[in-house]
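Structure data (mmCIF, C-alpha atoms and all ligand atoms) from start17.cif:
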data_run
#
loop_
_atom_site.group_PDB
_atom_site.id
_atom_site.type_symbol
_atom_site.label_atom_id
_atom_site.label_comp_id
_atom_site.auth_asym_id
_atom_site.auth_seq_id
_atom_site.Cartn_x
_atom_site.Cartn_y
_atom_site.Cartn_z
ATOM 1 C CA MET A 1 63.482 32.503 10.340
ATOM 2 C CA LYS A 2 64.779 29.238 8.933
ATOM 3 C CA PHE A 3 62.258 27.367 11.090
ATOM 4 C CA LEU A 4 59.485 29.624 9.941
ATOM 5 C CA ILE A 5 60.290 28.893 6.299
ATOM 6 C CA ILE A 6 60.387 25.145 6.954
ATOM 7 C CA PHE A 7 57.090 25.374 8.818
ATOM 8 C CA LEU A 8 55.497 27.314 5.966
ATOM 9 C CA CYS A 9 56.711 24.773 3.371
ATOM 10 C CA VAL A 10 55.430 21.808 5.386
ATOM 11 C CA SER A 11 52.081 23.396 6.155
ATOM 12 C CA THR A 12 51.615 24.412 2.508
ATOM 13 C CA SER A 13 52.294 20.900 1.260
ATOM 14 C CA LEU A 14 49.970 19.418 3.880
ATOM 15 C CA PHE A 15 47.302 21.827 2.762
ATOM 16 C CA ALA A 16 47.903 20.843 -0.873
ATOM 17 C CA ALA A 17 47.565 17.145 0.004
ATOM 18 C CA PHE A 18 44.337 17.826 1.864
ATOM 19 C CA GLU A 19 43.003 19.821 -1.075
ATOM 20 C CA THR A 20 43.696 16.959 -3.477
ATOM 21 C CA VAL A 21 41.482 14.696 -1.415
ATOM 22 C CA ALA A 22 38.808 17.238 -0.619
ATOM 23 C CA ASP A 23 38.549 18.742 -4.070
ATOM 24 C CA SER A 24 39.468 16.008 -6.519
ATOM 25 C CA ASP A 25 38.017 17.325 -9.742
ATOM 26 C CA SER A 26 38.340 14.688 -12.475
ATOM 27 C CA GLY A 27 39.372 17.034 -15.284
ATOM 28 C CA ILE A 28 36.962 15.069 -17.510
ATOM 29 C CA PHE A 29 33.941 16.819 -18.947
ATOM 30 C CA GLY A 30 30.779 15.427 -20.475
ATOM 31 C CA PRO A 31 27.607 16.556 -22.204
ATOM 32 C CA ASN A 32 25.014 18.576 -20.327
ATOM 33 C CA TYR A 33 22.647 16.653 -18.073
ATOM 34 C CA ALA A 34 19.708 17.008 -20.460
ATOM 35 C CA SER A 35 21.729 15.160 -23.136
ATOM 36 C CA ILE A 36 22.444 12.318 -20.741
ATOM 37 C CA LEU A 37 18.740 12.025 -19.936
ATOM 38 C CA LYS A 38 18.032 11.918 -23.680
ATOM 39 C CA LYS A 39 20.653 9.262 -24.243
ATOM 40 C CA MET A 40 18.904 7.098 -21.649
ATOM 41 C CA GLU A 41 15.660 7.521 -23.594
ATOM 42 C CA THR A 42 17.430 6.328 -26.739
ATOM 43 C CA TRP A 43 18.649 3.194 -24.951
ATOM 44 C CA GLN A 44 15.135 2.528 -23.736
ATOM 45 C CA SER A 45 13.773 2.670 -27.271
ATOM 46 C CA GLN A 46 16.660 0.659 -28.780
ATOM 47 C CA TYR A 47 16.457 -2.058 -26.144
ATOM 48 C CA GLY A 48 12.766 -1.972 -25.329
ATOM 49 C CA ASP A 49 12.748 -5.606 -24.236
ATOM 50 C CA LEU A 50 15.378 -4.937 -21.568
ATOM 51 C CA ALA A 51 15.766 -1.290 -20.651
ATOM 52 C CA LYS A 52 13.312 0.729 -18.603
ATOM 53 C CA ILE A 53 13.713 4.312 -17.449
ATOM 54 C CA ILE A 54 12.651 4.969 -13.890
ATOM 55 C CA ASP A 55 12.412 8.603 -12.781
ATOM 56 C CA TYR A 56 12.614 8.612 -9.019
ATOM 57 C CA GLY A 57 12.368 12.256 -8.015
ATOM 58 C CA LYS A 58 13.726 15.767 -8.525
ATOM 59 C CA SER A 59 16.996 17.283 -7.403
ATOM 60 C CA VAL A 60 17.167 20.384 -5.186
ATOM 61 C CA ARG A 61 17.141 22.501 -8.365
ATOM 62 C CA GLY A 62 14.284 20.493 -9.864
ATOM 63 C CA ARG A 63 16.248 18.303 -12.279
ATOM 64 C CA THR A 64 14.852 14.858 -13.008
ATOM 65 C CA LEU A 65 16.540 12.061 -11.072
ATOM 66 C CA ARG A 66 16.735 9.097 -13.426
ATOM 67 C CA MET A 67 17.910 5.500 -13.390
ATOM 68 C CA LEU A 68 17.882 2.798 -16.030
ATOM 69 C CA LEU A 69 16.743 -0.667 -15.006
ATOM 70 C CA VAL A 70 17.965 -3.433 -17.299
ATOM 71 C CA MET A 71 16.439 -6.882 -16.990
ATOM 72 C CA LYS A 72 14.469 -9.361 -19.059
ATOM 73 C CA GLN A 73 10.731 -9.305 -18.819
ATOM 74 C CA ARG A 74 10.063 -10.623 -15.383
ATOM 75 C CA GLN A 75 10.125 -14.370 -15.160
ATOM 76 C CA GLN A 76 7.252 -15.215 -12.875
ATOM 77 C CA GLU A 77 8.854 -18.348 -11.505
ATOM 78 C CA MET A 78 11.765 -16.371 -10.146
ATOM 79 C CA SER A 79 11.393 -14.961 -6.694
ATOM 80 C CA ILE A 80 14.591 -12.929 -6.745
ATOM 81 C CA HIS A 81 16.630 -11.011 -9.275
ATOM 82 C CA PRO A 82 20.294 -10.561 -8.388
ATOM 83 C CA THR A 83 21.139 -6.985 -9.233
ATOM 84 C CA LEU A 84 24.318 -5.088 -10.016
ATOM 85 C CA LEU A 85 24.119 -1.354 -9.361
ATOM 86 C CA MET A 86 26.390 1.287 -10.867
ATOM 87 C CA SER A 87 26.278 4.984 -10.039
ATOM 88 C CA GLY A 88 28.359 8.016 -10.893
ATOM 89 C CA SER A 89 28.830 11.714 -10.162
ATOM 90 C CA THR A 90 27.768 11.402 -6.534
ATOM 91 C CA HIS A 91 30.442 14.062 -6.365
ATOM 92 C CA GLY A 92 29.391 16.259 -9.266
ATOM 93 C CA ASP A 93 32.922 17.229 -10.280
ATOM 94 C CA GLU A 94 34.209 13.648 -10.339
ATOM 95 C CA TYR A 95 32.517 12.598 -13.563
ATOM 96 C CA LEU A 96 34.595 10.026 -15.465
ATOM 97 C CA ASN A 97 32.661 9.578 -18.710
ATOM 98 C CA ILE A 98 32.551 5.860 -17.859
ATOM 99 C CA GLU A 99 29.306 5.744 -15.882
ATOM 100 C CA ASP A 100 27.240 7.265 -18.729
ATOM 101 C CA ARG A 101 28.715 4.997 -21.434
ATOM 102 C CA LEU A 102 28.858 1.718 -19.544
ATOM 103 C CA PRO A 103 25.096 1.076 -19.777
ATOM 104 C CA GLU A 104 25.219 1.156 -23.575
ATOM 105 C CA GLU A 105 28.167 -1.262 -23.609
ATOM 106 C CA ILE A 106 26.351 -3.661 -21.305
ATOM 107 C CA LEU A 107 23.200 -3.421 -23.425
ATOM 108 C CA ARG A 108 25.248 -4.171 -26.543
ATOM 109 C CA LYS A 109 26.815 -7.205 -24.850
ATOM 110 C CA SER A 110 23.347 -8.503 -24.011
ATOM 111 C CA ARG A 111 22.805 -9.212 -27.718
ATOM 112 C CA ASN A 112 25.778 -11.585 -28.023
ATOM 113 C CA ASP A 113 26.855 -14.834 -26.406
ATOM 114 C CA GLY A 114 28.660 -14.164 -23.165
ATOM 115 C CA PRO A 115 28.340 -13.595 -19.441
ATOM 116 C CA VAL A 116 26.121 -10.492 -19.701
ATOM 117 C CA ARG A 117 23.519 -12.361 -21.734
ATOM 118 C CA ASP A 118 23.773 -15.430 -19.470
ATOM 119 C CA PHE A 119 23.342 -13.233 -16.407
ATOM 120 C CA LEU A 120 20.216 -11.607 -17.850
ATOM 121 C CA ASN A 121 18.849 -14.966 -19.022
ATOM 122 C CA GLN A 122 19.213 -16.262 -15.484
ATOM 123 C CA GLY A 123 17.129 -13.389 -14.172
ATOM 124 C CA GLY A 124 19.924 -10.959 -13.332
ATOM 125 C CA ALA A 125 19.355 -7.199 -13.449
ATOM 126 C CA PHE A 126 21.333 -3.966 -13.641
ATOM 127 C CA ILE A 127 20.532 -0.561 -12.218
ATOM 128 C CA PHE A 128 22.426 2.345 -13.787
ATOM 129 C CA VAL A 129 22.423 5.786 -12.189
ATOM 130 C CA PRO A 130 24.831 7.677 -14.452
ATOM 131 C CA ILE A 131 24.518 10.999 -12.621
ATOM 132 C CA LEU A 132 23.441 10.718 -8.999
ATOM 133 C CA ASN A 133 23.987 14.432 -8.286
ATOM 134 C CA PRO A 134 22.801 16.336 -11.388
ATOM 135 C CA ASP A 135 22.951 19.803 -9.775
ATOM 136 C CA GLY A 136 26.550 19.195 -8.751
ATOM 137 C CA TYR A 137 27.304 17.777 -12.190
ATOM 138 C CA GLU A 138 25.950 20.856 -13.964
ATOM 139 C CA ALA A 139 27.605 23.302 -11.550
ATOM 140 C CA ARG A 140 30.838 21.271 -11.484
ATOM 141 C CA THR A 141 30.769 21.029 -7.709
ATOM 142 C CA ARG A 142 31.463 18.138 -5.386
ATOM 143 C CA GLU A 143 28.333 18.880 -3.335
ATOM 144 C CA ASN A 144 24.667 19.150 -4.273
ATOM 145 C CA ALA A 145 22.867 22.502 -4.574
ATOM 146 C CA ASN A 146 22.499 22.694 -0.775
ATOM 147 C CA GLY A 147 26.264 22.481 -0.438
ATOM 148 C CA GLU A 148 26.010 18.966 1.044
ATOM 149 C CA ASP A 149 28.360 16.084 0.290
ATOM 150 C CA LEU A 150 26.142 13.246 -0.951
ATOM 151 C CA ASN A 151 28.767 10.639 -0.129
ATOM 152 C CA ARG A 152 28.343 11.529 3.553
ATOM 153 C CA ASP A 153 24.576 11.171 3.555
ATOM 154 C CA TRP A 154 23.834 7.444 3.657
ATOM 155 C CA ASP A 155 22.621 5.574 6.759
ATOM 156 C CA VAL A 156 25.304 3.469 8.382
ATOM 157 C CA THR A 157 23.611 1.627 11.224
ATOM 158 C CA PRO A 158 26.689 0.141 12.916
ATOM 159 C CA ALA A 159 28.170 3.658 13.073
ATOM 160 C CA GLY A 160 24.900 4.983 14.553
ATOM 161 C CA PHE A 161 24.763 7.377 11.614
ATOM 162 C CA LYS A 162 21.523 8.674 10.108
ATOM 163 C CA GLY A 163 21.725 10.009 6.578
ATOM 164 C CA PHE A 164 19.228 10.808 3.844
ATOM 165 C CA ARG A 165 18.831 14.477 4.726
ATOM 166 C CA GLU A 166 19.226 15.326 1.034
ATOM 167 C CA ILE A 167 16.606 14.676 -1.608
ATOM 168 C CA GLU A 168 18.993 13.057 -4.114
ATOM 169 C CA THR A 169 20.169 10.329 -1.730
ATOM 170 C CA LYS A 170 16.829 9.866 0.030
ATOM 171 C CA SER A 171 14.890 9.462 -3.236
ATOM 172 C CA LEU A 172 17.392 6.990 -4.645
ATOM 173 C CA ALA A 173 17.562 4.861 -1.495
ATOM 174 C CA GLU A 174 13.753 4.761 -1.272
ATOM 175 C CA LYS A 175 13.388 3.779 -4.927
ATOM 176 C CA ILE A 176 15.960 0.994 -4.650
ATOM 177 C CA GLN A 177 14.256 -0.247 -1.501
ATOM 178 C CA ALA A 178 10.917 -0.297 -3.362
ATOM 179 C CA LEU A 179 12.484 -2.255 -6.230
ATOM 180 C CA THR A 180 13.600 -4.956 -3.811
ATOM 181 C CA GLN A 181 9.919 -5.578 -3.066
ATOM 182 C CA SER A 182 7.248 -7.222 -5.234
ATOM 183 C CA PRO A 183 6.742 -7.136 -8.190
ATOM 184 C CA TYR A 184 10.419 -6.475 -9.031
ATOM 185 C CA ASN A 185 12.053 -8.482 -6.241
ATOM 186 C CA LEU A 186 15.515 -7.188 -6.992
ATOM 187 C CA ARG A 187 18.285 -8.210 -4.664
ATOM 188 C CA ILE A 188 21.228 -5.837 -4.562
ATOM 189 C CA GLU A 189 24.302 -8.056 -4.899
ATOM 190 C CA MET A 190 27.025 -5.674 -5.969
ATOM 191 C CA THR A 191 27.394 -1.909 -6.216
ATOM 192 C CA VAL A 192 30.026 0.378 -7.699
ATOM 193 C CA ASP A 193 29.964 4.138 -7.178
ATOM 194 C CA TYR A 194 32.328 5.901 -9.598
ATOM 195 C CA HIS A 195 34.544 8.700 -8.231
ATOM 196 C CA CYS A 196 37.880 10.368 -8.909
ATOM 197 C CA CYS A 197 40.947 10.631 -8.656
ATOM 198 C CA VAL A 198 43.033 8.123 -6.762
ATOM 199 C CA GLY A 199 43.271 5.230 -9.215
ATOM 200 C CA ALA A 200 42.057 2.558 -6.808
ATOM 201 C CA ILE A 201 39.088 0.459 -5.844
ATOM 202 C CA LEU A 202 37.827 0.820 -2.281
ATOM 203 C CA TYR A 203 35.664 -1.516 -0.222
ATOM 204 C CA PRO A 204 34.002 -1.248 3.248
ATOM 205 C CA TRP A 205 34.255 -0.205 5.888
ATOM 206 C CA SER A 206 34.752 3.478 5.312
ATOM 207 C CA TYR A 207 33.812 4.626 8.799
ATOM 208 C CA THR A 208 36.060 2.384 10.898
ATOM 209 C CA LYS A 209 39.400 0.636 10.819
ATOM 210 C CA ALA A 210 37.703 -2.601 11.881
ATOM 211 C CA PRO A 211 37.974 -5.073 9.005
ATOM 212 C CA LEU A 212 35.055 -6.904 7.412
ATOM 213 C CA PRO A 213 34.458 -10.486 8.520
ATOM 214 C CA PRO A 214 37.063 -12.670 6.777
ATOM 215 C CA LEU A 215 34.834 -14.237 4.117
ATOM 216 C CA ASP A 216 33.246 -10.906 3.195
ATOM 217 C CA LEU A 217 36.659 -9.328 2.955
ATOM 218 C CA ALA A 218 37.876 -12.198 0.760
ATOM 219 C CA ALA A 219 34.918 -11.771 -1.603
ATOM 220 C CA HIS A 220 35.566 -8.024 -1.923
ATOM 221 C CA ILE A 221 39.238 -8.650 -2.547
ATOM 222 C CA GLN A 222 38.466 -11.198 -5.257
ATOM 223 C CA VAL A 223 36.384 -8.696 -7.206
ATOM 224 C CA SER A 224 39.035 -6.041 -6.559
ATOM 225 C CA GLU A 225 41.706 -8.333 -7.957
ATOM 226 C CA ILE A 226 39.713 -8.695 -11.182
ATOM 227 C CA ALA A 227 39.572 -4.886 -11.350
ATOM 228 C CA LYS A 228 43.267 -4.642 -10.589
ATOM 229 C CA GLU A 229 44.087 -7.006 -13.412
ATOM 230 C CA ALA A 230 41.854 -5.235 -15.935
ATOM 231 C CA LEU A 231 42.556 -1.656 -14.887
ATOM 232 C CA ASP A 232 45.956 -1.719 -13.202
ATOM 233 C CA ILE A 233 44.796 -0.172 -9.923
ATOM 234 C CA GLY A 234 45.304 -0.697 -6.224
ATOM 235 C CA HIS A 235 42.682 -1.680 -3.694
ATOM 236 C CA GLY A 236 41.862 -1.386 -0.004
ATOM 237 C CA THR A 237 39.546 0.420 2.378
ATOM 238 C CA THR A 238 39.200 4.198 2.275
ATOM 239 C CA ASN A 239 41.523 4.418 5.254
ATOM 240 C CA ASP A 240 44.086 2.077 3.636
ATOM 241 C CA ILE A 241 44.204 4.172 0.471
ATOM 242 C CA LEU A 242 43.239 7.694 1.530
ATOM 243 C CA GLY A 243 44.085 7.724 5.211
ATOM 244 C CA TYR A 244 40.752 8.927 6.568
ATOM 245 C CA MET A 245 37.462 7.395 7.660
ATOM 246 C CA PRO A 246 34.372 9.087 6.245
ATOM 247 C CA VAL A 247 30.963 8.243 7.692
ATOM 248 C CA GLY A 248 27.876 8.005 5.467
ATOM 249 C CA THR A 249 29.341 6.615 2.246
ATOM 250 C CA THR A 250 27.410 4.688 -0.391
ATOM 251 C CA LYS A 251 29.510 1.571 -0.007
ATOM 252 C CA ASP A 252 29.016 1.311 3.750
ATOM 253 C CA TYR A 253 25.262 1.705 3.236
ATOM 254 C CA TYR A 254 24.891 -0.931 0.520
ATOM 255 C CA TYR A 255 27.059 -3.392 2.388
ATOM 256 C CA ASP A 256 25.353 -2.762 5.719
ATOM 257 C CA HIS A 257 21.809 -2.574 4.386
ATOM 258 C CA TYR A 258 21.820 -5.174 1.609
ATOM 259 C CA GLY A 259 24.884 -7.289 2.350
ATOM 260 C CA ALA A 260 26.086 -6.364 -1.125
ATOM 261 C CA LEU A 261 29.622 -6.418 -2.376
ATOM 262 C CA SER A 262 30.147 -2.665 -2.380
ATOM 263 C CA PHE A 263 32.840 -0.565 -3.962
ATOM 264 C CA THR A 264 33.930 2.968 -4.604
ATOM 265 C CA PHE A 265 35.837 3.112 -7.845
ATOM 266 C CA GLU A 266 38.356 5.956 -7.865
ATOM 267 C CA GLY A 267 39.296 6.783 -11.450
ATOM 268 C CA ARG A 268 42.344 8.656 -12.630
ATOM 269 C CA TYR A 269 42.549 12.358 -13.323
ATOM 270 C CA GLU A 270 41.953 13.307 -16.967
ATOM 271 C CA SER A 271 42.508 9.782 -18.274
ATOM 272 C CA GLU A 272 39.954 7.310 -16.911
ATOM 273 C CA ASN A 273 37.646 8.036 -19.841
ATOM 274 C CA MET A 274 40.155 6.318 -22.161
ATOM 275 C CA LEU A 275 39.641 3.012 -20.351
ATOM 276 C CA LEU A 276 36.025 2.150 -21.103
ATOM 277 C CA PRO A 277 36.894 -1.210 -22.771
ATOM 278 C CA LYS A 278 38.837 -2.205 -19.668
ATOM 279 C CA HIS A 279 35.906 -1.297 -17.421
ATOM 280 C CA VAL A 280 33.675 -3.469 -19.582
ATOM 281 C CA GLN A 281 36.243 -6.259 -19.295
ATOM 282 C CA TRP A 282 36.201 -5.989 -15.494
ATOM 283 C CA TRP A 283 32.401 -6.158 -15.400
ATOM 284 C CA GLU A 284 32.262 -9.076 -17.805
ATOM 285 C CA LYS A 285 34.841 -11.082 -15.881
ATOM 286 C CA THR A 286 33.086 -10.406 -12.607
ATOM 287 C CA ILE A 287 29.704 -11.342 -14.055
ATOM 288 C CA ALA A 288 31.209 -14.502 -15.551
ATOM 289 C CA LYS A 289 32.359 -15.518 -12.101
ATOM 290 C CA ILE A 290 28.900 -14.913 -10.698
ATOM 291 C CA VAL A 291 27.210 -16.865 -13.470
ATOM 292 C CA ASP A 292 29.640 -19.798 -13.357
ATOM 293 C CA ASN A 293 29.700 -20.239 -9.643
ATOM 294 C CA ALA A 294 26.178 -19.823 -8.472
ATOM 295 C CA PRO A 295 23.076 -20.568 -10.489
ATOM 296 C CA PHE A 296 20.643 -18.027 -9.107
ATOM 297 C CA GLN A 297 17.732 -20.401 -9.134
ATOM 298 C CA ALA A 298 19.437 -22.385 -6.413
ATOM 299 C CA ARG A 299 19.953 -19.416 -4.168
ATOM 300 C CA THR A 300 17.680 -18.493 -1.359
ATOM 301 C CA PRO A 301 16.609 -14.919 -0.747
ATOM 302 C CA ASN A 302 17.953 -13.134 2.292
ATOM 303 C CA PRO A 303 15.969 -10.701 4.350
ATOM 304 C CA VAL A 304 17.072 -7.114 3.991
ATOM 305 C CA GLY A 305 19.126 -5.614 6.793
ATOM 306 C CA GLN A 306 21.099 -8.678 7.824
ATOM 307 C CA PHE A 307 24.852 -8.557 7.793
ATOM 308 C CA PHE A 308 27.285 -10.918 6.216
ATOM 309 C CA ARG A 309 25.004 -12.723 3.831
ATOM 310 C CA ILE A 310 27.752 -12.729 1.235
ATOM 311 C CA ALA A 311 29.844 -14.719 3.659
ATOM 312 C CA THR A 312 28.025 -17.883 2.667
ATOM 313 C CA GLY A 313 30.461 -18.685 -0.113
ATOM 314 C CA ARG A 314 27.754 -18.655 -2.741
ATOM 315 C CA TRP A 315 29.781 -16.697 -5.225
ATOM 316 C CA PHE A 316 33.372 -17.676 -4.948
HETATM 317 ZN ZN ZN B 401 34.365 11.369 -4.659
#
Now that the file is in, can you turn its structure into structure tokens?
Ligand SMILES: [Zn+2]
Amino acid sequence: MKFLIIFLCVSTSLFAAFETVADSDSGIFGPNYASILKKMETWQSQYGDLAKIIDYGKSVRGRTLRMLLVMKQRQQEMSIHPTLLMSGSTHGDEYLNIEDRLPEEILRKSRNDGPVRDFLNQGGAFIFVPILNPDGYEARTRENANGEDLNRDWDVTPAGFKGFREIETKSLAEKIQALTQSPYNLRIEMTVDYHCCVGAILYPWSYTKAPLPPLDLAAHIQVSEIAKEALDIGHGTTNDILGYMPVGTTKDYYYDHYGALSFTFEGRYESENMLLPKHVQWWEKTIAKIVDNAPFQARTPNPVGQFFRIATGRWF
């Protein structure tokens, strides 16, 4: 009997731990999706010289999939535009109220002296996808309306994994790919996908314990250290922090496919929304490092699909 009770206690706590990971609702609630779409329209009209709405498809339930592209009017002499990509609510119940306010903060910073303005003046660009999974966001579910986990639906070639079975991920990946071609010529340099609720920043690989090549790992750690300083969080791979190895995550895709510095930001339950100024600080410091260390004009474009292009020491 005693053993049975011990067994029941242990199995219940294991189940609770598993549930925390599998069902990590953020406890933070935002406006309805239509209001977020409207807010993006306001930014476009307030910052007409910089901000452009791009609708890239419809969700399973027919909601508009929308991103905001922020860059100066294309400078013809520039063949590439280093791009920072931020997305949120890939898991619809992990909304942090950071990913839908950050674009406005960045746009505001573009009007004053500082790294954001320098970055844009040098041809840099931002892509904001505040709500990647609008059906999940509205229904307050982790998955999309087909019950699929959109952070398990991205191609990861070295894992032999084929994703993009869902319309939300497929449409976004195809649009980003199109934007890397003429006339936009964006080059995806860094990506952050906002999630909840571990209080950590995670970098590739997700799918394996094998570490990144040393220079790539060092570059990811340097950006993570800036985040740690600004936001008082830990960092590591998904396995380091969460103890499992999911296949098909955004960060593995962006790193594998574009050679980007790729992160999953795991916010904190019920409180991450209080830290917007610190998120802005992290972005500004990171952008300052990019601007200081590598004038983009001097950089050569890399073909898509190659690994390890960030290992060239261009940034740090
Ligand atoms: Zn998540």
* Write as a ChimeraX atom specification the residues around ligand ZN 401 (chain B), taking 6 Å as the cut-off and counting only C-alpha atoms and all ligand atoms. => /A:91,195-196
Report as a CSV table (one decimal) with C-alpha atoms, in the coordinates of the input all protein, DNA and RNA residues lying within 6 Å of Thr249 in chain A, evaluated on only C-alpha atoms, omitting residues in the same chain fewer than 3 positions from it.
chain,number,residue,atom,x,y,z
A,151,ASN,CA,28.8,10.6,-0.1
A,152,ARG,CA,28.3,11.5,3.6
A,154,TRP,CA,23.8,7.4,3.7
A,252,ASP,CA,29.0,1.3,3.8
* **Answer key for the PyMOL selection byres (((chain A and resi 105-120) around 8) and not hetatm), residues as an MDAnalysis selection string** => chainID A and resid 47 71:72 101:104 121:125 280 284:285 287:288 291
* Extract, using all atoms listed in the file, all DNA, RNA and protein residues at most 10 Å from Lys209 in chain A, discarding same-chain residues fewer than 6 positions from it, and format them as a count of residues only. => 6
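Non-sequential neighbours of range 21-35 of chain A (distance at most 6 Å, separation of 6 or more positions within a chain, only C-alpha atoms) are Asp93, Glu94, Leu96, Cys196, Cys197, Tyr269 and Glu270 of chain A.
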* **Distance in Å - CA of His220 in chain A versus CA of Ser87 in chain A** =>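 Going from CA of His220 in chain A over to CA of Ser87 in chain A, I get 17.9 Å.
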* Quick one: distance from CA of Leu179 in chain A to CA of Ile131 in chain A in Å, one decimal? ->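 About the pair CA of Leu179 in chain A and CA of Ile131 in chain A: they are 19.0 Å apart.
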* Answer key for the PyMOL selection byres (((chain A and resi 189) around 10) and not hetatm), residues as JSON, numbers by chain -> {"A": [81, 82, 83, 84, 85, 124, 125, 186, 187, 188, 190, 191, 254, 255, 258, 259, 260, 261, 262, 309, 310]}
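Rounded to one decimal, CA of Lys58 in chain A and CA of Glu174 in chain A lie 13.2 Å from each other.
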* List every protein, DNA or RNA residue that has at least one atom no more than 12 Å from (20.8, 2.9, -21.9) in the file's coordinates, counting all atoms listed in the file, and write the result as a ChimeraX atom specification. => /A:36-54,66-71,99-108,110,126-130
Going by the chain IDs and residue numbers used in this file, which residues fall under the PyMOL selection byres (((chain A and resi 224-231) around 12) and not hetatm)? Write them as a PDB file with C-alpha atoms, in the frame of the given file.
ATOM      1  CA  VAL A 192      30.026   0.378  -7.699  1.00  0.00           C
ATOM      2  CA  GLY A 199      43.271   5.230  -9.215  1.00  0.00           C
ATOM      3  CA  ALA A 200      42.057   2.558  -6.808  1.00  0.00           C
ATOM      4  CA  ILE A 201      39.088   0.459  -5.844  1.00  0.00           C
ATOM      5  CA  LEU A 202      37.827   0.820  -2.281  1.00  0.00           C
ATOM      6  CA  TYR A 203      35.664  -1.516  -0.222  1.00  0.00           C
ATOM      7  CA  LEU A 217      36.659  -9.328   2.955  1.00  0.00           C
ATOM      8  CA  ALA A 218      37.876 -12.198   0.760  1.00  0.00           C
ATOM      9  CA  ALA A 219      34.918 -11.771  -1.603  1.00  0.00           C
ATOM     10  CA  HIS A 220      35.566  -8.024  -1.923  1.00  0.00           C
ATOM     11  CA  ILE A 221      39.238  -8.650  -2.547  1.00  0.00           C
ATOM     12  CA  GLN A 222      38.466 -11.198  -5.257  1.00  0.00           C
ATOM     13  CA  VAL A 223      36.384  -8.696  -7.206  1.00  0.00           C
ATOM     14  CA  ASP A 232      45.956  -1.719 -13.202  1.00  0.00           C
ATOM     15  CA  ILE A 233      44.796  -0.172  -9.923  1.00  0.00           C
ATOM     16  CA  GLY A 234      45.304  -0.697  -6.224  1.00  0.00           C
ATOM     17  CA  HIS A 235      42.682  -1.680  -3.694  1.00  0.00           C
ATOM     18  CA  GLY A 236      41.862  -1.386  -0.004  1.00  0.00           C
ATOM     19  CA  THR A 237      39.546   0.420   2.378  1.00  0.00           C
ATOM     20  CA  LEU A 261      29.622  -6.418  -2.376  1.00  0.00           C
ATOM     21  CA  SER A 262      30.147  -2.665  -2.380  1.00  0.00           C
ATOM     22  CA  PHE A 263      32.840  -0.565  -3.962  1.00  0.00           C
ATOM     23  CA  THR A 264      33.930   2.968  -4.604  1.00  0.00           C
ATOM     24  CA  PHE A 265      35.837   3.112  -7.845  1.00  0.00           C
ATOM     25  CA  GLU A 266      38.356   5.956  -7.865  1.00  0.00           C
ATOM     26  CA  GLY A 267      39.296   6.783 -11.450  1.00  0.00           C
ATOM     27  CA  ARG A 268      42.344   8.656 -12.630  1.00  0.00           C
ATOM     28  CA  SER A 271      42.508   9.782 -18.274  1.00  0.00           C
ATOM     29  CA  GLU A 272      39.954   7.310 -16.911  1.00  0.00           C
ATOM     30  CA  ASN A 273      37.646   8.036 -19.841  1.00  0.00           C
ATOM     31  CA  MET A 274      40.155   6.318 -22.161  1.00  0.00           C
ATOM     32  CA  LEU A 275      39.641   3.012 -20.351  1.00  0.00           C
ATOM     33  CA  LEU A 276      36.025   2.150 -21.103  1.00  0.00           C
ATOM     34  CA  PRO A 277      36.894  -1.210 -22.771  1.00  0.00           C
ATOM     35  CA  LYS A 278      38.837  -2.205 -19.668  1.00  0.00           C
ATOM     36  CA  HIS A 279      35.906  -1.297 -17.421  1.00  0.00           C
ATOM     37  CA  VAL A 280      33.675  -3.469 -19.582  1.00  0.00           C
ATOM     38  CA  GLN A 281      36.243  -6.259 -19.295  1.00  0.00           C
ATOM     39  CA  TRP A 282      36.201  -5.989 -15.494  1.00  0.00           C
ATOM     40  CA  TRP A 283      32.401  -6.158 -15.400  1.00  0.00           C
ATOM     41  CA  GLU A 284      32.262  -9.076 -17.805  1.00  0.00           C
ATOM     42  CA  LYS A 285      34.841 -11.082 -15.881  1.00  0.00           C
ATOM     43  CA  THR A 286      33.086 -10.406 -12.607  1.00  0.00           C
ATOM     44  CA  ILE A 287      29.704 -11.342 -14.055  1.00  0.00           C
ATOM     45  CA  ALA A 288      31.209 -14.502 -15.551  1.00  0.00           C
ATOM     46  CA  LYS A 289      32.359 -15.518 -12.101  1.00  0.00           C
TER      47      LYS A 289
END
* **Nearby residues, (26.0, 15.2, -1.9) file frame, 9 Å, all atoms listed in the file, as a ChimeraX atom specification** => /A:90-92,132-133,136,142-153,166,168-169
